[in-house]
Structure formats: structure tokens, C-alpha cells
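File shown here: target.tsv, holding TSV, C-alpha atoms.
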chain	number	residue	atom	x	y	z
A	1	MET	CA	0.00	0.00	0.00
A	2	THR	CA	2.66	2.47	1.06
A	3	LEU	CA	4.88	1.16	-1.74
A	4	THR	CA	2.15	1.92	-4.29
A	5	ALA	CA	1.96	5.47	-2.97
A	6	ILE	CA	5.74	5.80	-3.16
A	7	ILE	CA	5.69	4.62	-6.78
A	8	PHE	CA	2.99	7.14	-7.67
A	9	ALA	CA	4.89	9.90	-5.88
A	10	GLY	CA	8.02	8.83	-7.77
A	11	ILE	CA	6.29	8.89	-11.16
A	12	LEU	CA	4.84	12.30	-10.38
A	13	THR	CA	8.25	13.61	-9.32
A	14	TYR	CA	9.87	12.17	-12.42
A	15	PHE	CA	7.29	13.95	-14.56
A	16	THR	CA	8.10	17.27	-12.90
A	17	ARG	CA	11.73	16.71	-13.86
A	18	MET	CA	11.17	15.38	-17.36
A	19	THR	CA	8.25	17.42	-18.73
A	20	MET	CA	9.99	20.69	-19.54
A	21	ILE	CA	13.28	19.08	-20.60
A	22	ALA	CA	11.81	16.51	-22.95
A	23	LEU	CA	8.71	18.21	-24.29
A	24	ILE	CA	9.70	21.86	-24.69
A	25	SER	CA	11.83	23.07	-27.57
A	26	ARG	CA	13.67	26.36	-27.75
A	27	ASP	CA	11.21	27.89	-30.21
A	28	MET	CA	8.32	27.40	-27.83
A	29	LEU	CA	9.80	29.85	-25.34
A	30	GLY	CA	9.85	33.46	-26.46
A	31	ASP	CA	12.66	35.87	-25.62
A	32	LYS	CA	10.56	37.50	-22.91
A	33	ILE	CA	9.96	34.21	-21.14
A	34	LYS	CA	13.65	33.31	-21.43
A	35	ALA	CA	14.56	36.65	-19.86
A	36	VAL	CA	12.22	35.94	-16.93
A	37	LEU	CA	13.62	32.40	-16.57
A	38	GLU	CA	17.04	33.96	-15.89
A	39	TYR	CA	15.60	34.73	-12.47
A	40	VAL	CA	14.62	31.13	-11.62
A	41	PRO	CA	17.38	30.52	-9.04
A	42	SER	CA	16.64	33.81	-7.27
A	43	ALA	CA	12.90	33.14	-7.47
A	44	VAL	CA	12.97	29.55	-6.18
A	45	PHE	CA	15.73	29.05	-3.60
A	46	PRO	CA	14.58	31.70	-1.09
A	47	ALA	CA	11.42	29.56	-0.70
A	48	ILE	CA	13.75	26.91	0.75
A	49	ILE	CA	16.02	29.35	2.61
A	50	PHE	CA	13.47	31.54	4.43
A	51	PRO	CA	11.31	28.78	5.97
A	52	GLY	CA	14.51	26.88	6.82
A	53	ILE	CA	15.58	29.83	8.96
A	54	PHE	CA	12.43	31.50	10.21
A	55	ILE	CA	10.08	28.55	10.78
A	56	SER	CA	10.74	26.16	13.65
A	57	ASP	CA	10.41	22.36	13.52
A	58	PHE	CA	6.92	22.81	14.92
A	59	GLY	CA	5.79	25.04	12.07
A	60	THR	CA	5.76	28.28	14.08
A	61	PHE	CA	7.72	31.49	13.61
A	62	ILE	CA	10.96	31.65	15.57
A	63	GLU	CA	11.86	34.46	17.98
A	64	MET	CA	13.80	37.37	16.56
A	65	ASN	CA	16.83	36.44	18.70
A	66	ASP	CA	16.99	32.88	17.38
A	67	PRO	CA	20.57	31.66	16.71
A	68	LYS	CA	19.56	30.57	13.20
A	69	ILE	CA	19.07	34.21	12.14
A	70	PHE	CA	22.58	35.05	13.31
A	71	GLY	CA	24.04	31.93	11.64
A	72	ALA	CA	22.33	32.81	8.36
A	73	LEU	CA	23.65	36.38	8.47
A	74	VAL	CA	27.19	35.14	9.07
A	75	ALA	CA	26.79	32.70	6.15
A	76	VAL	CA	25.59	35.50	3.86
A	77	ILE	CA	28.55	37.74	4.76
A	78	VAL	CA	31.16	34.98	4.53
A	79	GLY	CA	29.61	33.64	1.30
A	80	TYR	CA	29.49	37.07	-0.29
A	81	PHE	CA	33.17	37.76	0.26
A	82	SER	CA	34.68	34.26	0.09
A	83	LYS	CA	32.61	33.00	-2.90
A	84	ASN	CA	33.25	29.59	-1.36
A	85	ILE	CA	30.45	27.09	-0.68
A	86	ILE	CA	32.22	25.14	2.06
A	87	ALA	CA	33.24	28.35	3.84
A	88	THR	CA	29.64	29.61	3.64
A	89	ILE	CA	28.07	26.47	5.09
A	90	SER	CA	30.76	26.00	7.76
A	91	ALA	CA	30.64	29.64	8.87
A	92	GLY	CA	26.87	29.47	9.24
A	93	LEU	CA	26.94	26.19	11.16
A	94	ILE	CA	29.85	27.11	13.41
A	95	SER	CA	28.39	30.48	14.39
A	96	TYR	CA	25.05	28.77	15.03
A	97	TRP	CA	26.72	26.10	17.22
A	98	PHE	CA	28.73	28.76	19.02
A	99	LEU	CA	25.50	30.45	20.03
A	100	ILE	CA	23.54	27.35	21.06
A	101	PHE	CA	26.39	25.52	22.82
A	102	VAL	CA	28.52	28.33	24.26
A	103	VAL	CA	26.49	31.52	24.59
A	104	PHE	CA	22.96	30.29	25.34
A	105	ASN	CA	24.07	27.26	27.32
B	1	MET	CA	36.55	22.27	-26.24
B	2	LEU	CA	36.32	20.13	-23.12
B	3	THR	CA	35.92	16.37	-23.38
B	4	LYS	CA	32.94	14.49	-21.96
B	5	LYS	CA	35.07	13.20	-19.13
B	6	GLN	CA	36.38	16.67	-18.26
B	7	LEU	CA	32.85	18.07	-18.18
B	8	PHE	CA	31.58	15.19	-16.04
B	9	THR	CA	34.45	15.67	-13.59
B	10	ARG	CA	33.87	19.41	-13.53
B	11	GLY	CA	30.21	18.77	-12.66
B	12	MET	CA	31.24	16.42	-9.85
B	13	LEU	CA	33.65	19.00	-8.47
B	14	ASP	CA	31.15	21.85	-8.75
B	15	ILE	CA	28.48	20.07	-6.71
B	16	SER	CA	30.68	18.26	-4.19
B	17	PRO	CA	30.94	21.15	-1.66
B	18	HIS	CA	27.16	20.92	-1.24
B	19	MET	CA	27.58	17.38	0.07
B	20	LEU	CA	28.61	19.00	3.35
B	21	SER	CA	24.91	19.70	3.89
B	22	VAL	CA	23.35	17.00	1.71
B	23	ILE	CA	24.97	14.05	3.50
B	24	PRO	CA	23.90	14.97	7.05
B	25	PHE	CA	20.43	15.79	5.72
B	26	GLY	CA	20.24	12.41	3.96
B	27	ILE	CA	21.23	10.62	7.17
B	28	ILE	CA	18.52	12.52	9.05
B	29	CYS	CA	15.94	11.64	6.35
B	30	GLY	CA	16.76	7.95	6.56
B	31	ALA	CA	16.71	7.92	10.35
B	32	ILE	CA	13.41	9.82	10.58
B	33	GLY	CA	11.73	7.34	8.23
B	34	VAL	CA	12.65	4.40	10.42
B	35	GLU	CA	11.79	6.30	13.62
B	36	LEU	CA	8.34	7.05	12.23
B	37	GLY	CA	7.85	3.28	12.06
B	38	PHE	CA	8.21	2.61	8.34
B	39	HIS	CA	9.87	-0.51	7.02
B	40	PRO	CA	13.55	0.18	6.19
B	41	TYR	CA	13.06	-1.12	2.64
B	42	LEU	CA	10.25	1.36	2.05
B	43	VAL	CA	12.28	4.24	3.43
B	44	TYR	CA	15.14	3.34	1.12
B	45	ALA	CA	12.83	2.73	-1.85
B	46	MET	CA	11.88	6.41	-1.63
B	47	SER	CA	15.46	7.56	-2.14
B	48	PHE	CA	15.59	5.48	-5.29
B	49	ILE	CA	12.08	6.05	-6.65
B	50	ILE	CA	11.33	9.62	-5.58
B	51	PHE	CA	14.91	10.88	-5.06
B	52	GLY	CA	13.78	14.20	-3.64
B	53	GLY	CA	15.14	15.28	-0.25
B	54	ALA	CA	12.56	17.20	1.72
B	55	SER	CA	9.60	15.70	-0.14
B	56	GLN	CA	10.53	12.25	1.22
B	57	ILE	CA	10.33	13.44	4.83
B	58	VAL	CA	7.04	15.23	4.22
B	59	PHE	CA	5.59	12.12	2.58
B	60	LEU	CA	6.40	9.90	5.57
B	61	GLN	CA	5.34	12.51	8.13
B	62	LEU	CA	1.98	12.92	6.43
B	63	LEU	CA	1.35	9.17	6.24
B	64	SER	CA	2.38	8.56	9.83
B	65	GLY	CA	0.20	11.49	10.88
B	66	GLY	CA	-2.81	9.69	9.43
B	67	ALA	CA	-3.13	11.58	6.13
B	68	SER	CA	-4.44	9.63	3.13
B	69	SER	CA	-2.02	8.33	0.48
B	70	LEU	CA	-3.62	10.71	-1.98
B	71	VAL	CA	-2.72	13.72	0.16
B	72	ALA	CA	0.83	12.43	0.63
B	73	VAL	CA	1.34	11.79	-3.09
B	74	ALA	CA	-0.16	15.17	-4.03
B	75	SER	CA	2.13	16.94	-1.56
B	76	VAL	CA	5.22	15.26	-3.04
B	77	GLY	CA	4.08	16.31	-6.52
B	78	ILE	CA	3.54	19.91	-5.44
B	79	ILE	CA	6.81	20.18	-3.50
B	80	ASN	CA	8.70	18.81	-6.49
B	81	SER	CA	6.84	20.91	-9.07
B	82	ARG	CA	9.69	23.43	-8.80
B	83	HIS	CA	11.60	21.05	-11.11
B	84	LEU	CA	9.34	22.28	-13.90
B	85	LEU	CA	11.06	25.65	-13.61
B	86	TYR	CA	14.52	24.05	-13.61
B	87	GLY	CA	13.55	22.03	-16.69
B	88	ALA	CA	12.35	25.14	-18.51
B	89	VAL	CA	15.73	26.79	-17.88
B	90	LEU	CA	17.77	23.69	-18.77
B	91	SER	CA	15.76	22.80	-21.90
B	92	GLU	CA	17.63	25.49	-23.83
B	93	TYR	CA	20.95	23.74	-23.23
B	94	LEU	CA	19.70	20.19	-23.67
B	95	GLU	CA	17.61	20.57	-26.79
B	96	LYS	CA	20.13	18.92	-29.12
B	97	LEU	CA	19.95	15.67	-27.16
B	98	SER	CA	17.87	12.75	-28.38
B	99	PHE	CA	14.52	12.15	-26.71
B	100	ILE	CA	15.83	9.05	-24.90
B	101	LYS	CA	18.82	10.94	-23.50
B	102	LYS	CA	16.49	13.69	-22.30
B	103	LEU	CA	14.34	11.09	-20.54
B	104	LEU	CA	17.39	9.57	-18.82
B	105	ILE	CA	19.06	12.81	-17.82
B	106	SER	CA	15.82	14.10	-16.29
B	107	TYR	CA	16.02	11.56	-13.47
B	108	VAL	CA	19.11	13.21	-11.98
B	109	VAL	CA	17.98	16.86	-12.08
B	110	VAL	CA	18.16	18.14	-8.49
B	111	ASP	CA	18.20	21.59	-6.88
B	112	GLN	CA	21.93	21.94	-6.30
B	113	GLY	CA	22.81	20.20	-9.56
B	114	PHE	CA	20.54	22.54	-11.50
B	115	ALA	CA	22.03	25.56	-9.72
B	116	GLU	CA	25.66	24.64	-10.34
B	117	SER	CA	25.19	23.30	-13.89
B	118	ASN	CA	23.12	26.35	-14.85
B	119	LYS	CA	25.94	28.62	-13.66
B	120	PHE	CA	28.42	26.58	-15.70
B	121	PHE	CA	26.17	26.50	-18.79
B	122	LYS	CA	25.78	30.28	-18.81
B	123	LYS	CA	29.55	30.74	-18.95
B	124	ASN	CA	30.29	27.91	-21.42
B	125	ARG	CA	27.47	28.03	-23.96
B	126	GLY	CA	29.73	26.91	-26.80
B	127	GLU	CA	30.70	23.52	-25.36
B	128	GLU	CA	29.40	20.59	-27.37
B	129	PHE	CA	28.86	18.08	-24.55
B	130	LEU	CA	27.50	20.49	-21.93
B	131	HIS	CA	25.03	17.91	-20.65
B	132	TYR	CA	27.89	15.86	-19.19
B	133	HIS	CA	28.28	18.57	-16.58
B	134	LEU	CA	24.66	18.04	-15.54
B	135	ILE	CA	25.19	14.27	-15.49
B	136	GLY	CA	28.23	14.87	-13.26
B	137	THR	CA	26.33	17.01	-10.74
B	138	GLY	CA	23.29	14.73	-10.83
B	139	CYS	CA	25.15	11.44	-10.43
B	140	THR	CA	27.29	12.77	-7.58
B	141	MET	CA	24.14	13.88	-5.81
B	142	TRP	CA	22.44	10.55	-6.51
B	143	VAL	CA	25.28	8.42	-5.14
B	144	CYS	CA	25.71	10.57	-2.03
B	145	TRP	CA	21.98	10.67	-1.38
B	146	GLN	CA	21.64	6.87	-1.62
B	147	ILE	CA	24.62	6.29	0.70
B	148	ALA	CA	23.51	8.96	3.17
B	149	THR	CA	19.88	7.82	3.47
B	150	LEU	CA	21.00	4.18	3.68
B	151	SER	CA	23.40	5.04	6.51
B	152	GLY	CA	20.59	6.85	8.33
B	153	ILE	CA	18.32	3.84	7.91
B	154	VAL	CA	20.90	1.29	9.05
B	155	LEU	CA	22.62	3.24	11.81
B	156	GLY	CA	19.69	5.35	13.00
B	157	SER	CA	20.14	8.96	13.97
B	158	PHE	CA	23.83	8.74	14.82
B	159	VAL	CA	23.95	12.41	13.99
B	160	PRO	CA	22.89	14.03	17.28
B	161	ASP	CA	19.65	16.02	17.03
B	162	GLU	CA	21.14	18.80	19.15
B	163	LEU	CA	23.50	19.75	16.31
B	164	GLY	CA	20.52	21.03	14.34
B	165	LEU	CA	22.08	19.88	11.08
B	166	LYS	CA	18.88	20.49	9.16
B	167	PHE	CA	20.01	24.11	9.29
B	168	ALA	CA	22.73	23.19	6.77
B	169	ILE	CA	20.07	23.04	4.05
B	170	PRO	CA	19.17	26.77	4.00
B	171	LEU	CA	22.92	27.47	4.27
B	172	THR	CA	23.66	25.45	1.13
B	173	PHE	CA	21.11	27.48	-0.80
B	174	ILE	CA	22.45	30.73	0.64
B	175	ALA	CA	25.81	29.74	-0.86
B	176	ILE	CA	24.08	29.29	-4.24
B	177	VAL	CA	22.31	32.68	-4.45
B	178	VAL	CA	24.59	34.89	-2.37
B	179	GLN	CA	26.57	36.30	-5.30
B	180	ASP	CA	23.36	37.53	-6.91
B	181	LEU	CA	22.89	39.89	-3.95
B	182	LYS	CA	25.10	42.24	-5.97
B	183	LYS	CA	22.22	42.82	-8.37
B	184	LEU	CA	19.32	44.89	-7.08
B	185	ASP	CA	16.75	43.24	-9.36
B	186	HIS	CA	17.75	39.81	-8.04
B	187	VAL	CA	17.59	41.04	-4.46
B	188	ILE	CA	14.03	42.26	-5.01
B	189	VAL	CA	13.05	38.91	-6.56
B	190	MET	CA	14.67	36.96	-3.69
B	191	ILE	CA	12.97	39.03	-1.00
B	192	THR	CA	9.62	38.67	-2.77
B	193	CYS	CA	10.03	34.91	-2.88
B	194	GLY	CA	11.27	34.65	0.70
B	195	LEU	CA	8.52	36.77	2.22
B	196	SER	CA	5.86	35.01	0.13
B	197	SER	CA	7.12	31.64	1.34
B	198	LEU	CA	6.64	32.76	4.97
B	199	LEU	CA	3.26	34.31	4.20
B	200	PHE	CA	1.96	31.19	2.43
B	201	PHE	CA	3.77	28.68	4.62
B	202	ASP	CA	0.51	27.25	5.92
B	203	ALA	CA	-1.07	26.92	2.47
B	204	PRO	CA	-2.30	23.35	1.82
B	205	PHE	CA	0.02	20.62	0.41
B	206	LYS	CA	3.16	22.70	1.13
B	207	SER	CA	2.24	24.70	-1.95
B	208	TYR	CA	4.19	27.72	-0.69
B	209	ILE	CA	7.19	26.16	-2.39
B	210	ILE	CA	5.70	26.77	-5.84
B	211	ILE	CA	3.37	29.72	-5.08
B	212	SER	CA	6.23	31.96	-3.94
B	213	PRO	CA	8.47	31.32	-6.99
B	214	ILE	CA	5.52	32.12	-9.27
B	215	ILE	CA	4.88	35.40	-7.44
B	216	ALA	CA	8.62	36.17	-7.55
B	217	LEU	CA	8.79	35.46	-11.30
B	218	PHE	CA	5.85	37.84	-11.87
B	219	VAL	CA	7.80	40.49	-10.01
B	220	ALA	CA	10.84	39.64	-12.17
B	221	ALA	CA	8.72	40.14	-15.31
B	222	LEU	CA	7.56	43.52	-13.98
B	223	LEU	CA	11.15	44.53	-13.24
B	224	LEU	CA	12.20	43.59	-16.78
B	225	ARG	CA	9.44	45.80	-18.13
B	226	LEU	CA	10.53	48.71	-15.94
B	227	LYS	CA	14.14	48.34	-17.08
B	228	LYS	CA	13.24	48.99	-20.71

Please express what this file holds, its structure, as C-alpha cells.
Amino acid sequence: MTLTAIIFAGILTYFTRMTMIALISRDMLGDKIKAVLEYVPSAVFPAIIFPGIFISDFGTFIEMNDPKIFGALVAVIVGYFSKNIIATISAGLISYWFLIFVVFN
Amino acid sequence: MLTKKQLFTRGMLDISPHMLSVIPFGIICGAIGVELGFHPYLVYAMSFIIFGGASQIVFLQLLSGGASSLVAVASVGIINSRHLLYGAVLSEYLEKLSFIKKLLISYVVVDQGFAESNKFFKKNRGEEFLHYHLIGTGCTMWVCWQIATLSGIVLGSFVPDELGLKFAIPLTFIAIVVQDLKKLDHVIVMITCGLSSLLFFDAPFKSYIIISPIIALFVAALLLRLKK
């Protein structure tokens, strides 16, 4: 039963991946649409970033002094200047751990 | 002109830093599935059949919370509908491929792989075998995801909860978009998307994840019109 649901979910997910790649050709997208699609990364990823920071595991808004906000800010600053993915992730995690294990402990 | 092998390797290298967040997250996903009481084989089957990070956790949480299969399947479909946008962007670079190759390559399109390959594609439009970069990012992600979720299933949550490693996921995506903060139009689009995602967070079926990009792309279209 659960396996059937997983298979359906998998087929559906595969279709989301395949549809535009396999069924759309360049001529079907006008220049205007292509110009808008340039913004896809900026238009999609914040929908993963913002809830990941501002919403708690219980689905509620976090307090404004939550360590995750500080960790995210550090990651933004380090990422902006270092242009390095590992530095960005590590800086965010380490500053977050510093707050939860050292400062707020 | 880079060879297929060089492009594949380049793709692997470009996505590998993201494994710093993907691997802990995969372990957590595997462990949560077993903790929620699902059979280990089913939890692993999801990594192979669905192969979609957060949607796998949501699926199991919904089912264990008593939701119907239909609701769980629909939620996975909606969460993963963002791939339609990735596909629309990538189609331009993949259009020379045969239909079969397009069908195969589609299976390994993931968030981070799309982000890194898209960056590479924009700078190297002339390369003949560009798609090997996407295969490189996708296959690296696939292998790491399978190993990570399997480890989580077998070993349980050996990553301590207190570390809050789920926080590595927003950080990975910060690393992807942070350089675009230099451009005001991108900043406006990002803030629109981010605020919309918080505003619509409680919308049914986790649909905030596709509603907010659509709103943000409308804003992007408006900005393009203003620029002219």
C-alpha cells in the first residue's frame, strides 16, 4: 500500500523533472519568457532558505533572537566575500553552534 | 573544447561542496523514516524512486500522521513541481539531445545540480557536450543521497539532534544565491520569494514552495518591463 503510494509519488516527481526538458523546444519559449527564466534561481531558492531559517520544527515562527538568524547572516557575509560554498556552510553552522552551545548554554 | 570526461568531472567538483549539507540531511531523512515506524526497505525505496530530499520526509510525516495516500502523493508532486522551472531553464541547453537521453538525464535533475550546472552553462554556452556537466552534478548527488539515506536507515540517527544539522540546508542554498545579492533586481526577486514563502507557509500541500516562486517570477517580469 505504502509502496504503491511511493511509486505514484516517484512517477509524479519524475514527470516534474522530465516534462519541460523533454517536451519543450527552444522555439516554444519566447525571448521574454527566457529573460524571466534567468531569475529562476533567485525566485525559487529563497522559498527553501526563508522557511529553513524563520520557521521552527513545529511550524511556528521563531523568535527574533533565534541563533539561526545570526548563523544565516554570518553565512551571507562569509559567502558574499569568500565566494566559497564550504566556507559559507561552515561559517553558518559554526556560528550557530557557538550560540547554542557556548552563549545560550 | 572540453571532453565528456572533463565536463563530467567538472560537474562532480562543482556540486561536491554541497555534500557538506546533503549528506547529514540524507542521514537525518533515513533515520526519521525508520523512527516514524516505516519498514527500512520502504524508506530506502523512496530515495531510489522519488529521489527528492525534503519531499521524502514530508511524505512519511503525512502518512504517519494519518493523512491519506492521496494527500501524501499530491504533496510530493507539489513540493517537487519546482523542477518544472529548472527544466524550462535547462531545456535550452539540452535541446540537441535525443529524446531518450532527455528522458534519462531528467532523473538526476536536483536543486543543487541545477544551480551549479546552470551557472556553468551560462559561462560555457559553446561547449558541445555540456550535458555531461549536468550528469556529473546529478550522479554525484544521486550516489551521495543513496549512501547517506541508507546510513541513516541502518545506523539510526547517529547524527545528534542537538547539532541542528537540518540548518545546513538553508545554508547550502544561501551559498548558491549569495553572489546575486550584488544585483538589485535579483535582491528584489529573492525578498519577494522569501517573504511570500513565509506568508503562504501554511497553504495546503506545502504549496508555498511553488506559489512563492511564481509570485517572484511575476515580479521579475515587472522589473524587466521597468528596465526597458

Do you know which residues are at most 7 Å from B:Leu103 counting all atoms listed in the file, after dropping those on the same chain fewer than 4 positions away, and could you put them as a PyMOL selection string?
(chain A and resi 18+22) or (chain B and resi 99)

Contacts of B:Gly156 at 12 Å or less, counting all atoms listed in the file, minus same-chain residues fewer than 6 places along, as a list of chain:residue names?
B:Gly26, B:Ile27, B:Ile28, B:Cys29, B:Gly30, B:Ala31, B:Ile32, B:Gly33, B:Val34, B:Glu35, B:Leu36, B:Pro40, B:Ala148, B:Thr149, B:Leu150

Can you tell me which residues surround A:Pro41 at a distance of at most 9 Å, considering only C-alpha atoms, apart from same-chain residues fewer than 2 positions away, and format the answer as a PyMOL selection string?
(chain A and resi 37-39+43-46) or (chain B and resi 86+114-115+176-177+190)

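The space separating atom CA of B:Gly11 from atom CA of B:Ile50 comes to 22.1 Å.
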
Test item: residues at most 10 Å from stretch 9-16 of chain A, all atoms listed in the file, excluding those fewer than 5 positions along its chain, as a ChimeraX atom specification
/A:3-4,21-22 /B:45-52,55-56,59,69-70,72-87,103,106-109

Within 12 Å of B:Ile135 using all atoms listed in the file, minus same-chain residues under 4 positions, as a VMD selection string:
chain B and resid 4 to 15 94 101 to 102 104 to 110 113 to 114 116 to 117 129 to 131 139 to 143

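Relative to atom CA of B:Ile174, atom CA of A:Val74 is found at 10.6 Å.
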
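Candidate residues A:Ala47, A:Ile55, A:Ile86, A:Ala91 were compared for distance to A:Ala72, and the nearest is A:Ala91, using all atoms listed in the file.
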
Smallest atom-to-atom distance to A:Trp97: which of B:Leu163, B:Ile209, B:Thr172, B:Phe201, using only C-alpha atoms?
B:Leu163

Sphere at (23.1, 34.2, 10.6), radius 9 Å, counting all atoms listed in the file: residues as a compact mmCIF listing (two decimals) with C-alpha atoms, keeping the file's coordinate frame:
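The result, written out as selection_18.txt:
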# COMPACT_ATOMS: atom_id res chain seq x y z
CA ILE A 53 15.58 29.83 8.96
CA PRO A 67 20.57 31.66 16.71
CA LYS A 68 19.56 30.57 13.20
CA ILE A 69 19.07 34.21 12.14
CA PHE A 70 22.58 35.05 13.31
CA GLY A 71 24.04 31.93 11.64
CA ALA A 72 22.33 32.81 8.36
CA LEU A 73 23.65 36.38 8.47
CA VAL A 74 27.19 35.14 9.07
CA ALA A 75 26.79 32.70 6.15
CA VAL A 76 25.59 35.50 3.86
CA ILE A 77 28.55 37.74 4.76
CA ALA A 91 30.64 29.64 8.87
CA GLY A 92 26.87 29.47 9.24
CA LEU A 93 26.94 26.19 11.16
CA SER A 95 28.39 30.48 14.39
CA TYR A 96 25.05 28.77 15.03

Atomic separation - atom CA of B:Leu199 relative to atom CA of B:Ser212, Å
9.0 Å

In the coordinates of the file, take the point (26.3, 25.7, 1.8) and a cut-off of 6 Å; then, counting all atoms listed in the file, name each qualifying protein, DNA or RNA residue as a VMD selection string.
(chain A and resid 85 to 86 88 to 89) or (chain B and resid 18 171 to 172 175)

Go ahead and save the picked residues with C-alpha atoms, as a JSON list (two decimals), in the frame of the given file.
[["chain", "number", "residue", "atom", "x", "y", "z"],
["A", 85, "ILE", "CA", 30.45, 27.09, -0.68],
["A", 86, "ILE", "CA", 32.22, 25.14, 2.06],
["A", 88, "THR", "CA", 29.64, 29.61, 3.64],
["A", 89, "ILE", "CA", 28.07, 26.47, 5.09],
["B", 18, "HIS", "CA", 27.16, 20.92, -1.24],
["B", 171, "LEU", "CA", 22.92, 27.47, 4.27],
["B", 172, "THR", "CA", 23.66, 25.45, 1.13],
["B", 175, "ALA", "CA", 25.81, 29.74, -0.86]]

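Distances from A:Met28, A:Val36, A:Ser82, A:Ile62 to chain B were compared using only C-alpha atoms, and the smallest one belongs to A:Val36.
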
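Restricting the calculation to all atoms listed in the file, the smallest distance between B:Gly164 and any of B:Ser21, B:Ser64, B:Gln112, B:Thr137 is found for B:Ser21.
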
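Each of B:Val159, B:Ala88, B:Leu97, B:Leu184 was compared to chain A using only C-alpha atoms, and B:Ala88 turns out to be the nearest.
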
From A:Thr60, A:Leu99, A:Ser42, A:Met1, residue lying nearest chain B [all atoms listed in the file]:
A:Ser42

Once N, CA and C atoms are restored for stretch 46-70 of chain A, what would the output be as a PDB file, keeping the file's coordinate frame?
ATOM      1  N   PRO A  46      15.002  31.084  -2.352  1.00  0.00           N
ATOM      2  CA  PRO A  46      14.580  31.700  -1.090  1.00  0.00           C
ATOM      3  C   PRO A  46      13.366  31.008  -0.456  1.00  0.00           C
ATOM      4  N   ALA A  47      12.566  30.299  -1.263  1.00  0.00           N
ATOM      5  CA  ALA A  47      11.420  29.560  -0.700  1.00  0.00           C
ATOM      6  C   ALA A  47      11.897  28.350   0.094  1.00  0.00           C
ATOM      7  N   ILE A  48      13.161  27.967  -0.085  1.00  0.00           N
ATOM      8  CA  ILE A  48      13.750  26.910   0.750  1.00  0.00           C
ATOM      9  C   ILE A  48      14.517  27.568   1.909  1.00  0.00           C
ATOM     10  N   ILE A  49      15.175  28.699   1.609  1.00  0.00           N
ATOM     11  CA  ILE A  49      16.020  29.350   2.610  1.00  0.00           C
ATOM     12  C   ILE A  49      15.180  29.967   3.750  1.00  0.00           C
ATOM     13  N   PHE A  50      14.210  30.787   3.392  1.00  0.00           N
ATOM     14  CA  PHE A  50      13.470  31.540   4.430  1.00  0.00           C
ATOM     15  C   PHE A  50      12.759  30.626   5.428  1.00  0.00           C
ATOM     16  N   PRO A  51      11.944  29.669   4.977  1.00  0.00           N
ATOM     17  CA  PRO A  51      11.310  28.780   5.970  1.00  0.00           C
ATOM     18  C   PRO A  51      12.338  27.979   6.759  1.00  0.00           C
ATOM     19  N   GLY A  52      13.461  27.627   6.122  1.00  0.00           N
ATOM     20  CA  GLY A  52      14.510  26.880   6.820  1.00  0.00           C
ATOM     21  C   GLY A  52      15.118  27.671   7.973  1.00  0.00           C
ATOM     22  N   ILE A  53      15.042  28.989   7.878  1.00  0.00           N
ATOM     23  CA  ILE A  53      15.580  29.830   8.960  1.00  0.00           C
ATOM     24  C   ILE A  53      14.482  30.262   9.922  1.00  0.00           C
ATOM     25  N   PHE A  54      13.393  30.789   9.366  1.00  0.00           N
ATOM     26  CA  PHE A  54      12.430  31.500  10.210  1.00  0.00           C
ATOM     27  C   PHE A  54      11.303  30.637  10.762  1.00  0.00           C
ATOM     28  N   ILE A  55      11.164  29.404  10.269  1.00  0.00           N
ATOM     29  CA  ILE A  55      10.080  28.550  10.780  1.00  0.00           C
ATOM     30  C   ILE A  55      10.713  27.418  11.593  1.00  0.00           C
ATOM     31  N   SER A  56      10.180  27.192  12.784  1.00  0.00           N
ATOM     32  CA  SER A  56      10.740  26.160  13.650  1.00  0.00           C
ATOM     33  C   SER A  56      10.277  24.770  13.199  1.00  0.00           C
ATOM     34  N   ASP A  57      10.818  23.731  13.838  1.00  0.00           N
ATOM     35  CA  ASP A  57      10.410  22.360  13.520  1.00  0.00           C
ATOM     36  C   ASP A  57       8.923  22.134  13.763  1.00  0.00           C
ATOM     37  N   PHE A  58       8.327  22.999  14.590  1.00  0.00           N
ATOM     38  CA  PHE A  58       6.920  22.810  14.920  1.00  0.00           C
ATOM     39  C   PHE A  58       6.012  23.661  14.038  1.00  0.00           C
ATOM     40  N   GLY A  59       6.590  24.287  13.020  1.00  0.00           N
ATOM     41  CA  GLY A  59       5.790  25.040  12.070  1.00  0.00           C
ATOM     42  C   GLY A  59       5.401  26.436  12.544  1.00  0.00           C
ATOM     43  N   THR A  60       6.066  26.932  13.589  1.00  0.00           N
ATOM     44  CA  THR A  60       5.760  28.280  14.080  1.00  0.00           C
ATOM     45  C   THR A  60       6.931  29.206  13.786  1.00  0.00           C
ATOM     46  N   PHE A  61       6.648  30.515  13.804  1.00  0.00           N
ATOM     47  CA  PHE A  61       7.720  31.490  13.610  1.00  0.00           C
ATOM     48  C   PHE A  61       8.687  31.460  14.783  1.00  0.00           C
ATOM     49  N   ILE A  62       9.986  31.628  14.479  1.00  0.00           N
ATOM     50  CA  ILE A  62      10.960  31.650  15.570  1.00  0.00           C
ATOM     51  C   ILE A  62      11.019  33.056  16.179  1.00  0.00           C
ATOM     52  N   GLU A  63      11.652  33.154  17.349  1.00  0.00           N
ATOM     53  CA  GLU A  63      11.860  34.460  17.980  1.00  0.00           C
ATOM     54  C   GLU A  63      12.897  35.247  17.180  1.00  0.00           C
ATOM     55  N   MET A  64      12.870  36.551  17.331  1.00  0.00           N
ATOM     56  CA  MET A  64      13.800  37.370  16.560  1.00  0.00           C
ATOM     57  C   MET A  64      15.257  37.213  17.046  1.00  0.00           C
ATOM     58  N   ASN A  65      15.450  36.642  18.233  1.00  0.00           N
ATOM     59  CA  ASN A  65      16.830  36.440  18.700  1.00  0.00           C
ATOM     60  C   ASN A  65      17.280  34.993  18.517  1.00  0.00           C
ATOM     61  N   ASP A  66      16.639  34.282  17.605  1.00  0.00           N
ATOM     62  CA  ASP A  66      16.990  32.880  17.380  1.00  0.00           C
ATOM     63  C   ASP A  66      18.397  32.775  16.765  1.00  0.00           C
ATOM     64  N   PRO A  67      19.209  31.823  17.242  1.00  0.00           N
ATOM     65  CA  PRO A  67      20.570  31.660  16.710  1.00  0.00           C
ATOM     66  C   PRO A  67      20.619  31.428  15.203  1.00  0.00           C
ATOM     67  N   LYS A  68      19.538  30.862  14.633  1.00  0.00           N
ATOM     68  CA  LYS A  68      19.560  30.570  13.200  1.00  0.00           C
ATOM     69  C   LYS A  68      19.643  31.858  12.373  1.00  0.00           C
ATOM     70  N   ILE A  69      19.020  32.929  12.876  1.00  0.00           N
ATOM     71  CA  ILE A  69      19.070  34.210  12.140  1.00  0.00           C
ATOM     72  C   ILE A  69      20.508  34.710  12.103  1.00  0.00           C
ATOM     73  N   PHE A  70      21.187  34.614  13.245  1.00  0.00           N
ATOM     74  CA  PHE A  70      22.580  35.050  13.310  1.00  0.00           C
ATOM     75  C   PHE A  70      23.455  34.176  12.402  1.00  0.00           C
TER      76      PHE A  70
END
